[in-house]
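Participant: My structure file data-v8.cif, mmCIF, C-alpha atoms, is below:
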```
data_coords
#
loop_
_atom_site.label_atom_id
_atom_site.label_comp_id
_atom_site.auth_asym_id
_atom_site.auth_seq_id
_atom_site.Cartn_x
_atom_site.Cartn_y
_atom_site.Cartn_z
CA MET A 1 30.85 -23.88 -4.87
CA ASP A 2 34.49 -24.95 -5.17
CA SER A 3 37.35 -23.17 -3.49
CA HIS A 4 38.45 -21.67 -6.80
CA THR A 5 35.21 -19.76 -7.30
CA VAL A 6 35.20 -18.66 -3.69
CA ALA A 7 38.74 -17.37 -4.03
CA ALA A 8 37.84 -15.47 -7.18
CA GLN A 9 34.81 -13.99 -5.48
CA THR A 10 36.80 -12.99 -2.44
CA ALA A 11 39.33 -11.27 -4.63
CA GLU A 12 36.56 -9.48 -6.45
CA THR A 13 34.50 -8.28 -3.51
CA GLY A 14 37.05 -8.28 -0.76
CA HIS A 15 34.53 -9.95 1.47
CA ILE A 16 36.70 -12.40 3.32
CA GLU A 17 33.83 -13.52 5.53
CA HIS A 18 32.05 -14.93 2.48
CA THR A 19 34.47 -17.80 2.24
CA HIS A 20 32.82 -19.65 5.10
CA ASP A 21 29.90 -22.02 4.89
CA HIS A 22 26.51 -20.46 4.39
CA PRO A 23 22.94 -21.65 3.80
CA PRO A 24 22.45 -22.45 0.08
CA PHE A 25 19.59 -19.95 -0.18
CA LEU A 26 21.68 -16.97 1.01
CA ARG A 27 22.66 -14.90 -2.02
CA HIS A 28 26.15 -13.53 -2.01
CA HIS A 29 25.18 -9.89 -2.25
CA PHE A 30 23.45 -10.14 1.12
CA GLU A 31 25.26 -10.02 4.41
CA SER A 32 22.85 -12.23 6.31
CA VAL A 33 19.62 -14.20 5.95
CA ALA A 34 17.83 -11.50 7.94
CA GLN A 35 19.02 -8.79 5.55
CA GLN A 36 18.01 -10.88 2.53
CA ARG A 37 14.58 -11.48 4.04
CA GLU A 38 14.05 -7.80 4.79
CA SER A 39 15.02 -6.84 1.23
CA ALA A 40 12.56 -9.37 -0.17
CA THR A 41 9.78 -8.00 2.03
CA PHE A 42 10.63 -4.46 0.93
CA GLY A 43 10.39 -5.50 -2.73
CA MET A 44 7.13 -7.34 -2.12
CA TRP A 45 5.59 -4.26 -0.52
CA LEU A 46 6.65 -2.10 -3.48
CA PHE A 47 4.85 -4.56 -5.77
CA LEU A 48 1.78 -4.55 -3.52
CA LEU A 49 1.72 -0.73 -3.61
CA THR A 50 1.43 -0.84 -7.42
CA GLU A 51 -1.44 -3.30 -6.90
CA ILE A 52 -3.10 -0.88 -4.49
CA MET A 53 -2.89 1.85 -7.14
CA PHE A 54 -4.35 -0.53 -9.75
CA PHE A 55 -7.35 -1.62 -7.68
CA GLY A 56 -7.62 1.93 -6.31
CA GLY A 57 -8.31 3.21 -9.81
CA LEU A 58 -11.18 0.74 -10.16
CA PHE A 59 -12.58 1.71 -6.76
CA CYS A 60 -12.35 5.38 -7.74
CA ALA A 61 -14.28 4.71 -10.97
CA TYR A 62 -16.90 2.80 -8.97
CA LEU A 63 -17.29 5.70 -6.53
CA ILE A 64 -17.74 8.29 -9.28
CA TYR A 65 -20.12 6.23 -11.45
CA ARG A 66 -22.18 5.22 -8.42
CA ASN A 67 -22.69 8.92 -7.76
CA TRP A 68 -23.50 9.53 -11.39
CA TYR A 69 -25.98 6.69 -12.05
CA TYR A 70 -27.07 6.26 -8.45
CA PRO A 71 -30.48 4.53 -9.01
CA ALA A 72 -28.90 2.08 -11.49
CA PHE A 73 -26.11 1.20 -9.03
CA VAL A 74 -28.59 0.72 -6.20
CA ALA A 75 -30.80 -1.56 -8.33
CA GLY A 76 -27.75 -3.46 -9.60
CA SER A 77 -26.54 -4.02 -6.04
CA HIS A 78 -29.99 -5.26 -5.00
CA SER A 79 -29.65 -8.14 -7.48
CA LEU A 80 -26.61 -9.63 -5.69
CA HIS A 81 -26.95 -12.39 -3.07
CA ILE A 82 -25.92 -10.97 0.29
CA TRP A 83 -25.48 -14.51 1.70
CA ALA A 84 -22.96 -15.36 -1.03
CA GLY A 85 -20.96 -12.19 -0.37
CA THR A 86 -20.94 -12.76 3.39
CA THR A 87 -19.97 -16.42 3.03
CA ASN A 88 -17.15 -15.50 0.66
CA THR A 89 -15.85 -12.80 3.02
CA THR A 90 -15.85 -15.35 5.85
CA VAL A 91 -14.09 -17.97 3.70
CA LEU A 92 -11.42 -15.48 2.63
CA ILE A 93 -10.77 -14.21 6.16
CA ILE A 94 -10.37 -17.77 7.43
CA SER A 95 -7.98 -18.45 4.52
CA SER A 96 -5.94 -15.41 5.56
CA PHE A 97 -5.77 -16.85 9.06
CA THR A 98 -4.63 -20.26 7.77
CA MET A 99 -1.99 -18.55 5.60
CA ALA A 100 -0.73 -16.54 8.59
CA MET A 101 -0.46 -19.84 10.49
CA GLY A 102 1.47 -21.27 7.53
CA VAL A 103 4.00 -18.45 7.80
CA HIS A 104 4.26 -19.19 11.52
CA ALA A 105 4.88 -22.88 10.75
CA ALA A 106 7.67 -21.91 8.31
CA GLU A 107 9.23 -19.60 10.89
CA THR A 108 9.16 -22.28 13.57
CA ARG A 109 10.44 -24.85 11.05
CA MET A 110 7.52 -27.28 11.20
CA ARG A 111 7.28 -28.90 7.79
CA LYS A 112 4.09 -30.92 8.27
CA SER A 113 2.06 -28.10 9.73
CA LEU A 114 3.31 -25.72 7.00
CA VAL A 115 2.02 -28.14 4.35
CA THR A 116 -1.28 -28.61 6.22
CA TRP A 117 -1.93 -24.87 6.61
CA CYS A 118 -1.05 -24.28 2.94
CA ILE A 119 -3.44 -27.03 1.78
CA LEU A 120 -6.21 -25.55 3.96
CA THR A 121 -5.55 -22.15 2.38
CA ILE A 122 -5.73 -23.67 -1.13
CA VAL A 123 -9.03 -25.41 -0.28
CA LEU A 124 -10.54 -22.18 1.10
CA GLY A 125 -9.29 -20.22 -1.91
CA CYS A 126 -10.97 -22.73 -4.23
CA ALA A 127 -14.17 -22.56 -2.15
CA PHE A 128 -14.17 -18.79 -2.61
CA LEU A 129 -13.75 -19.18 -6.38
CA GLY A 130 -16.52 -21.79 -6.45
CA ILE A 131 -19.02 -19.50 -4.74
CA LYS A 132 -17.94 -16.64 -7.00
CA ALA A 133 -18.46 -18.85 -10.09
CA TYR A 134 -21.94 -19.75 -8.81
CA GLU A 135 -22.77 -16.04 -8.50
CA TRP A 136 -21.44 -15.26 -11.98
CA HIS A 137 -23.49 -18.12 -13.39
CA ASP A 138 -26.55 -16.69 -11.67
CA GLU A 139 -25.88 -13.29 -13.22
CA TRP A 140 -25.56 -14.93 -16.62
CA VAL A 141 -28.92 -16.67 -16.16
CA GLU A 142 -30.49 -13.35 -15.10
CA HIS A 143 -29.14 -11.62 -18.23
CA HIS A 144 -26.95 -9.25 -16.20
CA VAL A 145 -23.74 -9.60 -18.19
CA PRO A 146 -23.03 -6.41 -20.21
CA GLY A 147 -21.96 -7.00 -23.79
CA LEU A 148 -22.85 -10.71 -23.74
CA ASN A 149 -26.46 -11.23 -22.78
CA PHE A 150 -27.60 -8.07 -21.02
CA SER A 151 -31.27 -7.20 -20.68
CA PRO A 152 -32.53 -4.25 -18.60
CA ALA A 153 -35.89 -6.03 -18.07
CA THR A 154 -35.31 -7.12 -14.45
CA PHE A 155 -34.62 -3.52 -13.45
CA MET A 156 -37.80 -2.06 -15.00
CA HIS A 157 -40.57 -4.13 -13.39
CA GLY A 158 -39.34 -4.62 -9.83
CA THR A 159 -38.13 -7.89 -8.26
CA GLU A 160 -39.50 -10.13 -5.53
CA SER A 161 -37.30 -8.70 -2.79
CA TYR A 162 -37.30 -5.16 -4.20
CA PRO A 163 -40.73 -4.54 -5.84
CA ASP A 164 -39.98 -0.79 -6.03
CA ASP A 165 -36.99 -1.22 -8.37
CA LYS A 166 -38.85 0.12 -11.41
CA LEU A 167 -36.35 2.21 -13.31
CA PRO A 168 -37.10 4.06 -16.55
CA LEU A 169 -35.47 2.36 -19.56
CA ASP A 170 -32.52 4.79 -19.87
CA MET A 171 -31.56 4.35 -16.19
CA ALA A 172 -32.20 0.58 -16.33
CA GLU A 173 -29.69 0.45 -19.22
CA LYS A 174 -27.14 2.18 -16.96
CA THR A 175 -27.06 -0.86 -14.66
CA GLN A 176 -24.62 -2.07 -17.32
CA VAL A 177 -22.10 0.40 -15.88
CA TYR A 178 -22.60 -1.17 -12.47
CA PHE A 179 -22.21 -4.69 -13.83
CA SER A 180 -19.21 -3.75 -16.00
CA LEU A 181 -17.41 -2.49 -12.91
CA TYR A 182 -18.71 -5.43 -10.88
CA PHE A 183 -17.28 -7.95 -13.36
CA ALA A 184 -14.06 -5.97 -13.82
CA MET A 185 -13.43 -5.75 -10.08
CA THR A 186 -14.56 -9.22 -8.99
CA GLY A 187 -12.93 -10.65 -12.15
CA MET A 188 -9.55 -9.02 -11.45
CA HIS A 189 -9.86 -10.11 -7.83
CA ALA A 190 -10.66 -13.69 -8.89
CA LEU A 191 -7.70 -13.64 -11.31
CA HIS A 192 -5.48 -12.69 -8.36
CA MET A 193 -7.01 -15.58 -6.40
CA ILE A 194 -6.34 -18.03 -9.27
CA ILE A 195 -2.72 -16.85 -9.50
CA GLY A 196 -2.50 -17.11 -5.70
CA VAL A 197 -3.85 -20.65 -5.57
CA SER A 198 -1.47 -21.72 -8.39
CA LEU A 199 1.58 -20.19 -6.69
CA LEU A 200 0.58 -21.67 -3.35
CA THR A 201 0.25 -25.13 -4.93
CA LEU A 202 3.86 -24.82 -6.14
CA LEU A 203 5.00 -23.59 -2.72
CA THR A 204 3.18 -26.48 -1.01
CA ILE A 205 4.84 -29.09 -3.24
CA ARG A 206 8.25 -27.60 -2.47
CA ALA A 207 7.41 -27.24 1.22
CA SER A 208 6.49 -30.94 1.38
CA LYS A 209 10.04 -31.69 0.17
CA GLY A 210 11.48 -29.73 3.07
CA LYS A 211 11.93 -26.28 1.60
CA TYR A 212 11.06 -23.10 3.54
CA THR A 213 11.33 -24.82 6.91
CA GLU A 214 15.15 -24.75 6.86
CA GLY A 215 15.36 -21.01 7.53
CA HIS A 216 14.42 -19.73 4.08
CA VAL A 217 11.08 -18.23 5.13
CA ALA A 218 10.96 -15.34 2.63
CA PRO A 219 9.01 -17.04 -0.22
CA VAL A 220 6.25 -18.23 2.14
CA GLU A 221 6.19 -14.93 4.00
CA ASN A 222 5.95 -12.88 0.80
CA PHE A 223 3.30 -15.13 -0.63
CA GLY A 224 1.42 -14.52 2.63
CA LEU A 225 1.68 -10.77 2.03
CA TYR A 226 0.18 -11.24 -1.45
CA TRP A 227 -2.62 -13.44 -0.13
CA HIS A 228 -3.51 -10.96 2.63
CA PHE A 229 -3.48 -8.13 0.09
CA VAL A 230 -6.02 -10.01 -2.05
CA ASP A 231 -8.08 -10.47 1.12
CA ILE A 232 -7.99 -6.70 1.76
CA VAL A 233 -9.26 -5.97 -1.76
CA TRP A 234 -12.24 -8.22 -1.08
CA ILE A 235 -12.78 -6.59 2.35
CA PHE A 236 -13.54 -3.37 0.42
CA LEU A 237 -15.35 -4.97 -2.54
CA PHE A 238 -17.81 -6.72 -0.24
CA PRO A 239 -19.41 -3.62 1.39
CA LEU A 240 -19.20 -1.50 -1.78
CA LEU A 241 -20.83 -4.04 -4.09
CA TYR A 242 -23.19 -5.88 -1.73
CA LEU A 243 -23.98 -3.86 1.37
CA ILE A 244 -24.15 -0.08 1.12
CA SER A 245 -27.14 0.06 -1.25
CA ARG A 246 -29.49 -2.33 0.55
CA HIS A 247 -31.77 0.41 1.87
CA GLN A 248 -31.42 3.07 -0.79
CA MET B 249 28.50 -32.51 12.51
CA ALA B 250 25.07 -31.22 11.59
CA GLN B 251 24.73 -29.67 14.99
CA ALA B 252 28.13 -28.08 14.82
CA ASN B 253 27.16 -26.60 11.48
CA GLU B 254 23.90 -25.34 12.91
CA HIS B 255 25.80 -23.64 15.68
CA GLN B 256 28.20 -22.05 13.23
CA HIS B 257 25.32 -20.70 11.16
CA HIS B 258 23.70 -19.38 14.23
CA LYS B 259 26.82 -17.50 15.20
CA LYS B 260 27.66 -16.10 11.82
CA PHE B 261 24.32 -15.35 10.21
CA GLU B 262 22.35 -13.83 13.02
CA PRO B 263 22.16 -10.06 12.57
CA SER B 264 24.97 -8.64 14.62
CA GLU B 265 24.65 -4.96 13.80
CA PRO B 266 21.97 -2.78 15.31
CA THR B 267 21.04 -1.56 11.81
CA HIS B 268 19.52 -4.98 11.10
CA HIS B 269 15.94 -5.58 12.03
CA GLU B 270 15.34 -8.37 14.53
CA GLU B 271 12.66 -10.72 13.10
CA HIS B 272 9.70 -11.18 15.37
CA ILE B 273 7.64 -14.37 15.21
CA VAL B 274 3.99 -13.49 15.77
CA SER B 275 2.29 -16.01 18.04
CA PRO B 276 -0.68 -18.14 16.88
CA THR B 277 -2.73 -16.60 19.72
CA VAL B 278 -2.42 -13.19 18.10
CA TYR B 279 -3.45 -14.65 14.70
CA LEU B 280 -6.43 -16.36 16.31
CA LEU B 281 -7.54 -13.17 18.08
CA ILE B 282 -7.21 -11.08 14.91
CA GLY B 283 -8.98 -13.72 12.82
CA THR B 284 -11.87 -13.81 15.31
CA ALA B 285 -12.05 -10.00 15.37
CA LEU B 286 -12.23 -9.98 11.55
CA LEU B 287 -15.06 -12.52 11.54
CA VAL B 288 -16.97 -10.55 14.21
CA LEU B 289 -16.53 -7.37 12.15
CA THR B 290 -17.79 -9.20 9.03
CA ALA B 291 -20.91 -10.32 10.92
CA THR B 292 -21.36 -6.77 12.23
CA THR B 293 -21.10 -5.10 8.82
CA THR B 294 -23.61 -7.57 7.31
CA ALA B 295 -26.01 -7.11 10.25
CA VAL B 296 -25.76 -3.30 10.08
CA SER B 297 -26.56 -3.39 6.35
CA TYR B 298 -30.05 -4.66 7.30
CA LEU B 299 -30.70 -1.47 9.30
CA ASP B 300 -31.78 1.64 7.45
CA LEU B 301 -29.26 4.32 8.45
CA GLY B 302 -29.60 6.47 5.34
CA ASN B 303 -26.22 7.83 4.26
CA PHE B 304 -24.60 6.32 7.34
CA ASN B 305 -24.92 2.79 5.91
CA ALA B 306 -21.99 3.58 3.60
CA VAL B 307 -20.06 5.40 6.35
CA VAL B 308 -20.39 2.51 8.82
CA ALA B 309 -19.60 -0.14 6.17
CA LEU B 310 -16.45 1.69 5.03
CA ALA B 311 -15.35 2.41 8.60
CA ILE B 312 -15.62 -1.31 9.40
CA ALA B 313 -13.76 -2.19 6.17
CA CYS B 314 -10.95 0.24 7.09
CA THR B 315 -10.73 -1.28 10.58
CA LYS B 316 -10.48 -4.77 9.08
CA MET B 317 -7.80 -3.62 6.63
CA THR B 318 -5.78 -2.06 9.46
CA LEU B 319 -5.94 -5.31 11.47
CA VAL B 320 -4.84 -7.39 8.46
CA VAL B 321 -1.96 -5.02 7.58
CA LEU B 322 -0.66 -4.67 11.14
CA PHE B 323 -0.91 -8.28 12.31
CA PHE B 324 -1.39 -10.76 9.42
CA MET B 325 1.06 -8.77 7.28
CA HIS B 326 3.36 -8.18 10.27
CA VAL B 327 3.77 -4.44 9.68
CA LYS B 328 3.44 -3.77 13.42
CA TYR B 329 6.51 -5.97 13.96
CA SER B 330 8.42 -4.94 10.82
CA SER B 331 11.46 -2.77 10.27
CA LYS B 332 11.20 0.99 9.94
CA LEU B 333 11.95 0.59 6.22
CA THR B 334 8.84 -1.56 5.72
CA LYS B 335 6.69 0.70 7.91
CA LEU B 336 7.80 3.78 5.99
CA THR B 337 7.21 2.06 2.63
CA VAL B 338 3.68 1.05 3.58
CA ALA B 339 2.85 4.44 5.08
CA ALA B 340 4.26 6.33 2.07
CA GLY B 341 2.29 4.08 -0.30
CA PHE B 342 -1.01 4.61 1.48
CA PHE B 343 -0.34 8.33 1.78
CA THR B 344 0.32 8.63 -1.97
CA PHE B 345 -2.79 6.57 -2.70
CA ILE B 346 -4.96 8.84 -0.53
CA VAL B 347 -3.49 11.97 -2.16
CA LEU B 348 -4.32 10.59 -5.65
CA ILE B 349 -7.89 9.68 -4.67
CA MET B 350 -8.45 13.04 -2.95
CA MET B 351 -7.17 15.02 -5.94
CA THR B 352 -9.34 13.02 -8.36
CA MET B 353 -12.41 13.49 -6.17
CA THR B 354 -11.72 17.18 -5.60
CA ASP B 355 -11.51 17.68 -9.34
CA TYR B 356 -14.67 15.67 -9.88
CA ILE B 357 -16.92 17.42 -7.35
CA SER B 358 -15.70 20.93 -8.28
CA ARG B 359 -16.27 20.69 -12.06
CA ALA B 360 -20.07 20.79 -12.00
CA TRP B 361 -20.69 22.14 -8.52
CA GLY B 362 -23.93 20.89 -7.00
CA ARG B 363 -24.62 18.42 -9.80
CA TRP B 364 -22.95 15.42 -8.25
#
```
So, in terms of structure tokens, how does the structure I just supplied come out?

Facilitator:
Amino acid sequence: MDSHTVAAQTAETGHIEHTHDHPPFLRHHFESVAQQRESATFGMWLFLLTEIMFFGGLFCAYLIYRNWYYPAFVAGSHSLHIWAGTTNTTVLIISSFTMAMGVHAAETRMRKSLVTWCILTIVLGCAFLGIKAYEWHDEWVEHHVPGLNFSPATFMHGTESYPDDKLPLDMAEKTQVYFSLYFAMTGMHALHMIIGVSLLTLLTIRASKGKYTEGHVAPVENFGLYWHFVDIVWIFLFPLLYLISRHQ
Amino acid sequence: MAQANEHQHHKKFEPSEPTHHEEHIVSPTVYLLIGTALLVLTATTTAVSYLDLGNFNAVVALAIACTKMTLVVLFFMHVKYSSKLTKLTVAAGFFTFIVLIMMTMTDYISRAWGRW
């Protein structure tokens, strides 16, 4: 910024103190980096609250329909692989830890470790998506995808692990409600993961060039908030979809 | 020169007024402890799902999920160390969310009483 612009700005805002040197990432309508960072965090939380309402609506629908078509939801849940759900929960929690460490690296201005933690988070995020894709493929093979290749057959004659899952045809058809919500919720969650991995790739490239470790922590910190939020959604999806119906 | 600049930044851009929130850097030890606690809780919730507790399977699973969420929000998402503005925003959001869920559920269970 040349002195002319600064002079014009000073005349406009009356903020004499803005004529001194400042970090290039500090916007002029903020008093300090700390204030700018706090505002960004505030905005990020407002966005995350809208996300909570969005996923909350899906959870609410799940709760009501599970009550409504209880035997269908129990049988649907029995068809999921508990090992896959547990592994994915573990992978996602570790990725939240690596992301938290990434934020720490940005705060303590360590470029290399920031890049390393971000890459680890990307790898774990992709591992999660890989396992999820494997599960979806399995559901496709089993004819559990409503609207595409659904067949109630597996829920009418019992399975190997649950020989008593013999639902009458009308209730067996209602497992489609379970799988519709299952695909909607895990699908929206996976979409958030894909967006997260893409954004984090961009952040990592910029971080490798020295950004975010020069005091401008906000982008990494707010991405961390997003990533942890996506983790929280899965923390609730896991017991609701995989666990609570094992013995019903 | 670079150092002099650094010093100048330090002097002029650190929050000087008490209205500004002092940023707290959470230590890696805390992250490691919370991460371990989350993994232990994941193992617990999976193990408990193999026991037949009747209706309490859902209660225990959701209680563990809420505990995990609280740990993530407070420590990984730094809310424990955040400004009052952030704390109030998060609290107000969760409160509104719970009110909406409660009202929906109250409506649902009271429409066809006993036929849930």

Participant: Using all atoms listed in the file, which residues of chain A come within 7 Å of chain B, and what is the closest atom pair for each, with the distance in Å to one decimal? Give it as CSV, sorted by chain and residue number.

Facilitator:
```
residue,atom,partner,partner_atom,distance
A:His22,CA,B:His257,CA,6.9
A:Ser32,CA,B:Phe261,CA,5.2
A:Val33,CA,B:Phe261,CA,6.4
A:Ala34,CA,B:Pro263,CA,6.5
A:Gln35,CA,B:His268,CA,6.8
A:Phe42,CA,B:Thr334,CA,5.9
A:Trp45,CA,B:Val338,CA,7.0
A:Leu49,CA,B:Gly341,CA,5.9
A:Met53,CA,B:Phe345,CA,6.5
A:Cys60,CA,B:Ile349,CA,6.9
A:Asn67,CA,B:Trp364,CA,6.5
A:Trp68,CA,B:Trp364,CA,6.7
A:Thr90,CA,B:Leu287,CA,6.4
A:Ile93,CA,B:Gly283,CA,6.9
A:Ile94,CA,B:Gly283,CA,6.9
A:Phe97,CA,B:Gly283,CA,5.9
A:Ala100,CA,B:Phe324,CA,5.9
A:Met101,CA,B:Pro276,CA,6.6
A:His104,CA,B:Ile273,CA,6.9
A:Glu107,CA,B:Ile273,CA,7.0
A:Leu225,CA,B:Met325,CA,5.7
A:His228,CA,B:Met325,CA,6.9
A:Ile232,CA,B:Met317,CA,5.8
A:Ile235,CA,B:Ala313,CA,5.9
A:Phe236,CA,B:Ala313,CA,5.9
A:Pro239,CA,B:Ala309,CA,5.9
A:Leu243,CA,B:Ser297,CA,5.6
A:Ile244,CA,B:Ala306,CA,4.9
A:Arg246,CA,B:Ser297,CA,6.6
A:His247,CA,B:Asp300,CA,5.7
```

Participant: Under the PyMOL selection byres ((chain A and resi 80) around 10), which residues of this model are included? Write them out as a PyMOL selection string.

Facilitator: chain A and resi 75-79+81-85+135-136+138-139+241-243

Participant: Please measure the separation of CA of Leu114 in chain A and CA of Thr98 in chain A, giving the value in Å to one decimal.

Facilitator: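 Pair CA of Leu114 in chain A / CA of Thr98 in chain A returns 9.7 Å.
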
Participant: On this structure, the PyMOL selection byres ((chain A and resi 92) around 8) would catch which residues? List them as a short mmCIF file (atom, residue, chain, number, x, y, z; two decimals) with C-alpha atoms, in the coordinates of the input, sorted by chain and number.

Facilitator:
```cif
data_model
loop_
_atom_site.label_atom_id
_atom_site.label_comp_id
_atom_site.auth_asym_id
_atom_site.auth_seq_id
_atom_site.Cartn_x
_atom_site.Cartn_y
_atom_site.Cartn_z
CA ASN A 88 -17.15 -15.50 0.66
CA THR A 89 -15.85 -12.80 3.02
CA THR A 90 -15.85 -15.35 5.85
CA VAL A 91 -14.09 -17.97 3.70
CA ILE A 93 -10.77 -14.21 6.16
CA ILE A 94 -10.37 -17.77 7.43
CA SER A 95 -7.98 -18.45 4.52
CA SER A 96 -5.94 -15.41 5.56
CA LEU A 124 -10.54 -22.18 1.10
CA GLY A 125 -9.29 -20.22 -1.91
CA PHE A 128 -14.17 -18.79 -2.61
CA ASP A 231 -8.08 -10.47 1.12
#
```

Participant: Here's the selection I'm unsure about, the PyMOL selection byres ((chain A and resi 167-177) around 10); applied to the file above, which residues does it give, as a CSV table (one decimal) with C-alpha atoms, in the coordinates of the input?

Facilitator:
```csv
chain,number,residue,atom,x,y,z
A,62,TYR,CA,-16.9,2.8,-9.0
A,65,TYR,CA,-20.1,6.2,-11.4
A,66,ARG,CA,-22.2,5.2,-8.4
A,68,TRP,CA,-23.5,9.5,-11.4
A,69,TYR,CA,-26.0,6.7,-12.0
A,70,TYR,CA,-27.1,6.3,-8.4
A,71,PRO,CA,-30.5,4.5,-9.0
A,72,ALA,CA,-28.9,2.1,-11.5
A,73,PHE,CA,-26.1,1.2,-9.0
A,74,VAL,CA,-28.6,0.7,-6.2
A,75,ALA,CA,-30.8,-1.6,-8.3
A,76,GLY,CA,-27.8,-3.5,-9.6
A,77,SER,CA,-26.5,-4.0,-6.0
A,144,HIS,CA,-27.0,-9.2,-16.2
A,145,VAL,CA,-23.7,-9.6,-18.2
A,146,PRO,CA,-23.0,-6.4,-20.2
A,147,GLY,CA,-22.0,-7.0,-23.8
A,150,PHE,CA,-27.6,-8.1,-21.0
A,151,SER,CA,-31.3,-7.2,-20.7
A,152,PRO,CA,-32.5,-4.2,-18.6
A,153,ALA,CA,-35.9,-6.0,-18.1
A,154,THR,CA,-35.3,-7.1,-14.4
A,155,PHE,CA,-34.6,-3.5,-13.4
A,156,MET,CA,-37.8,-2.1,-15.0
A,157,HIS,CA,-40.6,-4.1,-13.4
A,158,GLY,CA,-39.3,-4.6,-9.8
A,164,ASP,CA,-40.0,-0.8,-6.0
A,165,ASP,CA,-37.0,-1.2,-8.4
A,166,LYS,CA,-38.8,0.1,-11.4
A,178,TYR,CA,-22.6,-1.2,-12.5
A,179,PHE,CA,-22.2,-4.7,-13.8
A,180,SER,CA,-19.2,-3.8,-16.0
A,181,LEU,CA,-17.4,-2.5,-12.9
A,182,TYR,CA,-18.7,-5.4,-10.9
A,183,PHE,CA,-17.3,-8.0,-13.4
```

Participant: Using Å and a single decimal, report how far CA of Arg37 in chain A sits from CA of Glu221 in chain A.

Facilitator: 9.1 Å

Participant: Box for range 100-119 of chain A: with edges along x, y and z, all listed atoms inside and 8 Å added on each side, what are the centre and edge lengths in Å to one decimal, as JSON?

Facilitator:
```
{"center_x": 3.5, "center_y": -23.7, "center_z": 7.7, "size_x": 29.9, "size_y": 30.4, "size_z": 27.8}
```

Participant: To one decimal place, how far is CA of Val115 in chain A from CA of Ala285 in chain B in Å?

Facilitator: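 Between CA of Val115 in chain A and CA of Ala285 in chain B the gap works out to 25.5 Å.
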
Participant: Pick out the closest residue to Leu199 in chain A from this set: A:Thr121, A:Val233, A:Leu240, A:Tyr162. Count all atoms listed in the file.

Facilitator: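 Residue with the minimum atom-to-atom distance to Leu199 in chain A: A:Thr121.
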